Amino acid sequence: MGVTAPDNASSFQLAFVPGVTPGKWARTWSERLPRVRLELVPIEVAECADAIRDGHVQMAITRLPDALGHRDPGPHHTIELYQETTVVVVPKDHVFTAVDEISIGDLADEQLLWPLDEPLLVGQRPGTAVGHRPETTGDAIELVAAGTGLVLVPQSLARLHHRKDLAYRPVTDAPTGAVGLLWPAPTSELAEEFIGIVRGRKATSSRGQSEPVPKRSAKEKAAAKRASREAAGKIPGKGPRKPKR
C-alpha cells in the first residue's frame, strides 16, 4: 500500500468499538509520537464506516467484516488483528454452567436473542429466535438476565457486560469474529505509524520510524571505527591494556 506525504496534523483520531482496549497501543504511540495527540473515540460497529468515509476519524479498531456490512466506507483498507472466541451468555443457574464449553448443537432447544447491532455474523442460526430483536448487545444481555433467552457474542463483549447473575461459556464450533483496523485509502503516514505499532514494528524499522536515528558525520564514523580497532588490539601500540600488578 502506498504512503502519502507526511501529515502536518497535531492529532490522530482513532475510533474503537466496545470490548476493544487500545490502551497498550496508545501508550506506545505517546512514546513514539509525543507531538501528535492520539484521540481515542468510542464508537459502535455500525457507525464505523460512516465515520471513516466522512473523515470524522482517521482509523477505527472495529469488528470485521461486520463494520463493512452496515455502510459503505468508501475507498479503504483493512487489516485483521485477531480472532475472538465466541461464547454464549446464560443465566447463572443455567445447565450450561455445569460444563466448560458447549457446541452449536447444544443450542438446538434454546431460545436465542439476535441484537440488531449484530456483533457476530452467524449464517445458520441455532435454536429458536426470540421474536423481539433488542437494539444493542447490551440490551440483549439484559434480556438474558431477565430469562428471555440466550445470546451469542464475542467473549470481549461478554466480559464488558459482565453481571453477577450471568455466566458465559465458549461455543467450540461457532463462527468467530475478527477485530481489525479500518482506514481510508490512500494510507496516510500517521495511519502507517499506527499500523507499525499494532504489528509490533520497532521505532527504528523501515516503516513506523517516528524518530529517525541521527546520521553520524564522517569524522564520528572514523573515530568510532578507530576506537573499535583499538579495543580489538588491531592498531600497534593501542592494544588492550594489561592489568597492573
# chains A, B, ... in the order shown; residues from 1 in each chain; ligands from 1

$ residues_around --residues "Pro115 of chain A" --least-positions-apart "4" --cutoff "9 Å" --atoms "only C-alpha atoms" --output "PyMOL selection string"
chain A and resi 119+132-140+151

$ closest_atom_pairs --of "segment 47-89 of chain A" --to "segment 162-182 of chain A" --cutoff "8 Å" --atoms "only C-alpha atoms" --output "Markdown table"
| residue | atom | partner | partner_atom | distance |
| --- | --- | --- | --- | --- |
| A:Ile52 | CA | A:Leu182 | CA | 7.8 |
| A:Met59 | CA | A:Leu182 | CA | 5.8 |
| A:Ala60 | CA | A:Leu182 | CA | 5.2 |
| A:Ile61 | CA | A:Leu181 | CA | 4.7 |
| A:Thr62 | CA | A:Val179 | CA | 5.6 |
| A:Arg63 | CA | A:Val179 | CA | 4.5 |
| A:Leu64 | CA | A:Ala178 | CA | 5.3 |
| A:Pro65 | CA | A:Ala178 | CA | 7.5 |
| A:His76 | CA | A:Leu182 | CA | 7.0 |
| A:His77 | CA | A:Leu182 | CA | 5.9 |
| A:Thr78 | CA | A:Leu182 | CA | 4.7 |
| A:Ile79 | CA | A:Leu181 | CA | 5.1 |
| A:Glu80 | CA | A:Gly180 | CA | 4.1 |
| A:Leu81 | CA | A:Gly180 | CA | 4.7 |
| A:Tyr82 | CA | A:Val179 | CA | 5.6 |
| A:Gln83 | CA | A:Ala178 | CA | 4.4 |
| A:Glu84 | CA | A:Gly177 | CA | 5.6 |
| A:Thr85 | CA | A:Thr176 | CA | 6.2 |
| A:Thr86 | CA | A:Thr176 | CA | 5.7 |
| A:Val87 | CA | A:Pro170 | CA | 4.2 |
| A:Val88 | CA | A:Tyr168 | CA | 5.3 |
| A:Val89 | CA | A:Tyr168 | CA | 4.3 |

$ write_last_selection --atoms "N, CA and C atoms" --output "compact mmCIF listing (two decimals), in the first residue's frame"
# COMPACT_ATOMS: atom_id res chain seq x y z
N ILE A 52 -15.43 6.75 9.00
CA ILE A 52 -14.25 6.70 8.13
C ILE A 52 -14.51 7.46 6.83
N MET A 59 -8.93 6.38 11.63
CA MET A 59 -8.78 4.93 11.66
C MET A 59 -9.74 4.39 12.72
N ALA A 60 -10.16 3.14 12.55
CA ALA A 60 -11.04 2.52 13.53
C ALA A 60 -10.56 1.11 13.85
N ILE A 61 -10.54 0.77 15.13
CA ILE A 61 -10.35 -0.61 15.56
C ILE A 61 -11.77 -1.16 15.73
N THR A 62 -12.14 -2.09 14.87
CA THR A 62 -13.54 -2.50 14.81
C THR A 62 -13.66 -4.00 14.57
N ARG A 63 -14.88 -4.47 14.44
CA ARG A 63 -15.12 -5.88 14.14
C ARG A 63 -15.35 -6.04 12.65
N LEU A 64 -14.62 -6.97 12.09
CA LEU A 64 -14.68 -7.21 10.64
C LEU A 64 -15.21 -8.62 10.37
N PRO A 65 -16.00 -8.80 9.33
CA PRO A 65 -16.44 -7.79 8.35
C PRO A 65 -17.69 -7.02 8.76
N HIS A 76 -11.00 2.15 0.95
CA HIS A 76 -10.49 1.85 2.29
C HIS A 76 -9.55 0.66 2.28
N HIS A 77 -8.89 0.45 3.41
CA HIS A 77 -8.06 -0.72 3.65
C HIS A 77 -8.50 -1.36 4.97
N THR A 78 -8.23 -2.64 5.12
CA THR A 78 -8.46 -3.33 6.39
C THR A 78 -7.30 -4.26 6.69
N ILE A 79 -7.08 -4.49 7.97
CA ILE A 79 -6.11 -5.49 8.44
C ILE A 79 -6.77 -6.24 9.60
N GLU A 80 -6.74 -7.55 9.56
CA GLU A 80 -7.25 -8.34 10.68
C GLU A 80 -6.16 -8.43 11.75
N LEU A 81 -6.54 -8.15 12.99
CA LEU A 81 -5.58 -8.20 14.10
C LEU A 81 -5.65 -9.53 14.85
N TYR A 82 -6.86 -9.97 15.19
CA TYR A 82 -7.00 -11.25 15.89
C TYR A 82 -8.44 -11.73 15.82
N GLN A 83 -8.61 -13.03 16.03
CA GLN A 83 -9.94 -13.65 16.07
C GLN A 83 -10.42 -13.69 17.53
N GLU A 84 -11.71 -13.44 17.72
CA GLU A 84 -12.29 -13.50 19.06
C GLU A 84 -13.00 -14.84 19.29
N THR A 85 -12.94 -15.32 20.50
CA THR A 85 -13.68 -16.52 20.89
C THR A 85 -15.16 -16.18 20.99
N THR A 86 -16.01 -17.05 20.45
CA THR A 86 -17.46 -16.86 20.57
C THR A 86 -17.97 -17.59 21.80
N VAL A 87 -18.80 -16.90 22.58
CA VAL A 87 -19.36 -17.50 23.79
C VAL A 87 -20.88 -17.34 23.79
N VAL A 88 -21.56 -18.14 24.61
CA VAL A 88 -22.99 -17.97 24.82
C VAL A 88 -23.18 -17.45 26.24
N VAL A 89 -23.96 -16.38 26.37
CA VAL A 89 -24.25 -15.79 27.68
C VAL A 89 -25.53 -16.40 28.20

$ select_by_dssp --residues "segment 51-168 of chain A" --states "strand (DSSP E or B)" --output "ChimeraX atom specification"
/A:59-64,76-84,86-91,102,111-113,128-129,150-154,166-168

$ closest_residue --among "A:Val45, A:Trp25, A:Gly74, A:Glu118" --to "Gly200 of chain A" --atoms "only C-alpha atoms"
A:Trp25

$ select_by_dssp --residues "segment 37-214 of chain A" --states "helix (DSSP H, G or I)" --output "PyMOL selection string"
chain A and resi 45-53+66-70+95-98+104-107+137-145+155-160+189-198

$ write_last_selection --atoms "N, CA and C atoms" --output "compact mmCIF listing (two decimals), in the first residue's frame"
# COMPACT_ATOMS: atom_id res chain seq x y z
N VAL A 45 -20.01 -0.38 16.23
CA VAL A 45 -19.59 -1.03 14.99
C VAL A 45 -20.36 -0.47 13.80
N ALA A 46 -21.65 -0.27 13.96
CA ALA A 46 -22.49 0.19 12.85
C ALA A 46 -22.15 1.60 12.40
N GLU A 47 -21.43 2.36 13.21
CA GLU A 47 -21.10 3.74 12.88
C GLU A 47 -19.71 3.90 12.27
N CYS A 48 -18.93 2.83 12.26
CA CYS A 48 -17.52 2.94 11.84
C CYS A 48 -17.36 3.36 10.39
N ALA A 49 -18.11 2.73 9.49
CA ALA A 49 -17.95 3.02 8.07
C ALA A 49 -18.26 4.48 7.77
N ASP A 50 -19.35 5.00 8.34
CA ASP A 50 -19.70 6.41 8.12
C ASP A 50 -18.61 7.33 8.65
N ALA A 51 -18.08 7.00 9.83
CA ALA A 51 -17.05 7.84 10.44
C ALA A 51 -15.78 7.88 9.60
N ILE A 52 -15.43 6.75 9.00
CA ILE A 52 -14.25 6.70 8.13
C ILE A 52 -14.51 7.46 6.83
N ARG A 53 -15.65 7.20 6.20
CA ARG A 53 -15.96 7.84 4.93
C ARG A 53 -16.06 9.36 5.05
N ASP A 66 -18.10 -7.16 10.01
CA ASP A 66 -19.35 -6.56 10.49
C ASP A 66 -19.44 -5.07 10.14
N ALA A 67 -18.36 -4.33 10.37
CA ALA A 67 -18.39 -2.88 10.17
C ALA A 67 -18.68 -2.52 8.72
N LEU A 68 -18.28 -3.38 7.79
CA LEU A 68 -18.48 -3.09 6.37
C LEU A 68 -19.87 -3.47 5.90
N GLY A 69 -20.61 -4.23 6.72
CA GLY A 69 -21.94 -4.66 6.33
C GLY A 69 -23.02 -3.63 6.60
N HIS A 70 -22.71 -2.61 7.40
CA HIS A 70 -23.71 -1.61 7.75
C HIS A 70 -23.76 -0.44 6.77
N VAL A 95 -28.10 -24.83 32.88
CA VAL A 95 -27.42 -26.12 32.84
C VAL A 95 -26.05 -26.01 32.17
N PHE A 96 -25.86 -25.07 31.26
CA PHE A 96 -24.57 -24.94 30.57
C PHE A 96 -23.43 -24.56 31.52
N THR A 97 -23.76 -24.00 32.67
CA THR A 97 -22.70 -23.60 33.60
C THR A 97 -22.04 -24.81 34.26
N ALA A 98 -22.61 -25.99 34.06
CA ALA A 98 -22.02 -27.21 34.63
C ALA A 98 -20.87 -27.75 33.79
N ILE A 104 -22.43 -25.87 19.00
CA ILE A 104 -23.62 -25.28 18.39
C ILE A 104 -24.81 -26.22 18.53
N GLY A 105 -24.58 -27.52 18.42
CA GLY A 105 -25.66 -28.49 18.53
C GLY A 105 -26.36 -28.44 19.87
N ASP A 106 -25.63 -28.05 20.92
CA ASP A 106 -26.22 -27.98 22.26
C ASP A 106 -27.26 -26.87 22.37
N LEU A 107 -27.27 -25.94 21.39
CA LEU A 107 -28.19 -24.81 21.44
C LEU A 107 -29.50 -25.08 20.70
N THR A 137 -26.28 -5.15 21.83
CA THR A 137 -25.82 -6.34 22.56
C THR A 137 -26.05 -6.17 24.05
N GLY A 138 -25.82 -4.96 24.54
CA GLY A 138 -26.06 -4.68 25.97
C GLY A 138 -27.50 -4.93 26.35
N ASP A 139 -28.43 -4.51 25.49
CA ASP A 139 -29.85 -4.75 25.74
C ASP A 139 -30.15 -6.25 25.74
N ALA A 140 -29.52 -6.99 24.81
CA ALA A 140 -29.74 -8.43 24.72
C ALA A 140 -29.29 -9.13 25.99
N ILE A 141 -28.15 -8.71 26.52
CA ILE A 141 -27.63 -9.33 27.74
C ILE A 141 -28.53 -9.02 28.92
N GLU A 142 -29.14 -7.83 28.94
CA GLU A 142 -30.12 -7.52 29.98
C GLU A 142 -31.31 -8.48 29.90
N LEU A 143 -31.71 -8.82 28.68
CA LEU A 143 -32.83 -9.74 28.49
C LEU A 143 -32.46 -11.17 28.89
N VAL A 144 -31.21 -11.54 28.70
CA VAL A 144 -30.76 -12.85 29.18
C VAL A 144 -30.94 -12.92 30.69
N ALA A 145 -30.55 -11.86 31.38
CA ALA A 145 -30.70 -11.81 32.84
C ALA A 145 -32.17 -11.90 33.25
N GLN A 155 -16.33 -12.96 23.09
CA GLN A 155 -16.03 -13.04 24.51
C GLN A 155 -15.75 -11.67 25.14
N SER A 156 -15.13 -10.76 24.39
CA SER A 156 -14.81 -9.44 24.94
C SER A 156 -16.08 -8.69 25.34
N LEU A 157 -17.18 -8.90 24.60
CA LEU A 157 -18.43 -8.23 24.95
C LEU A 157 -19.09 -8.88 26.16
N ALA A 158 -18.93 -10.18 26.29
CA ALA A 158 -19.45 -10.86 27.48
C ALA A 158 -18.74 -10.33 28.72
N ARG A 159 -17.44 -10.09 28.61
CA ARG A 159 -16.69 -9.53 29.73
C ARG A 159 -17.10 -8.09 30.01
N LEU A 160 -17.30 -7.33 28.93
CA LEU A 160 -17.67 -5.92 29.08
C LEU A 160 -19.00 -5.77 29.82
N GLU A 189 0.59 8.87 6.45
CA GLU A 189 1.79 8.49 7.19
C GLU A 189 1.46 8.17 8.65
N LEU A 190 0.52 8.92 9.23
CA LEU A 190 0.16 8.64 10.62
C LEU A 190 -0.56 7.30 10.74
N ALA A 191 -1.37 6.96 9.74
CA ALA A 191 -2.01 5.64 9.74
C ALA A 191 -0.95 4.55 9.66
N GLU A 192 0.06 4.77 8.83
CA GLU A 192 1.15 3.80 8.71
C GLU A 192 1.90 3.65 10.02
N GLU A 193 2.02 4.75 10.77
CA GLU A 193 2.66 4.70 12.08
C GLU A 193 1.89 3.78 13.02
N PHE A 194 0.56 3.94 13.03
CA PHE A 194 -0.23 3.12 13.95
C PHE A 194 -0.22 1.66 13.53
N ILE A 195 -0.25 1.41 12.24
CA ILE A 195 -0.17 0.03 11.76
C ILE A 195 1.14 -0.61 12.23
N GLY A 196 2.22 0.16 12.17
CA GLY A 196 3.51 -0.34 12.64
C GLY A 196 3.48 -0.69 14.11
N ILE A 197 2.77 0.11 14.90
CA ILE A 197 2.69 -0.14 16.34
C ILE A 197 1.93 -1.43 16.63
N VAL A 198 0.75 -1.60 16.00
CA VAL A 198 -0.05 -2.80 16.31
C VAL A 198 0.61 -4.06 15.78

$ closest_residue --among "A:Ser11, A:Thr28, A:Thr148, A:Ser103" --to "Val57 of chain A" --atoms "only C-alpha atoms"
A:Ser11
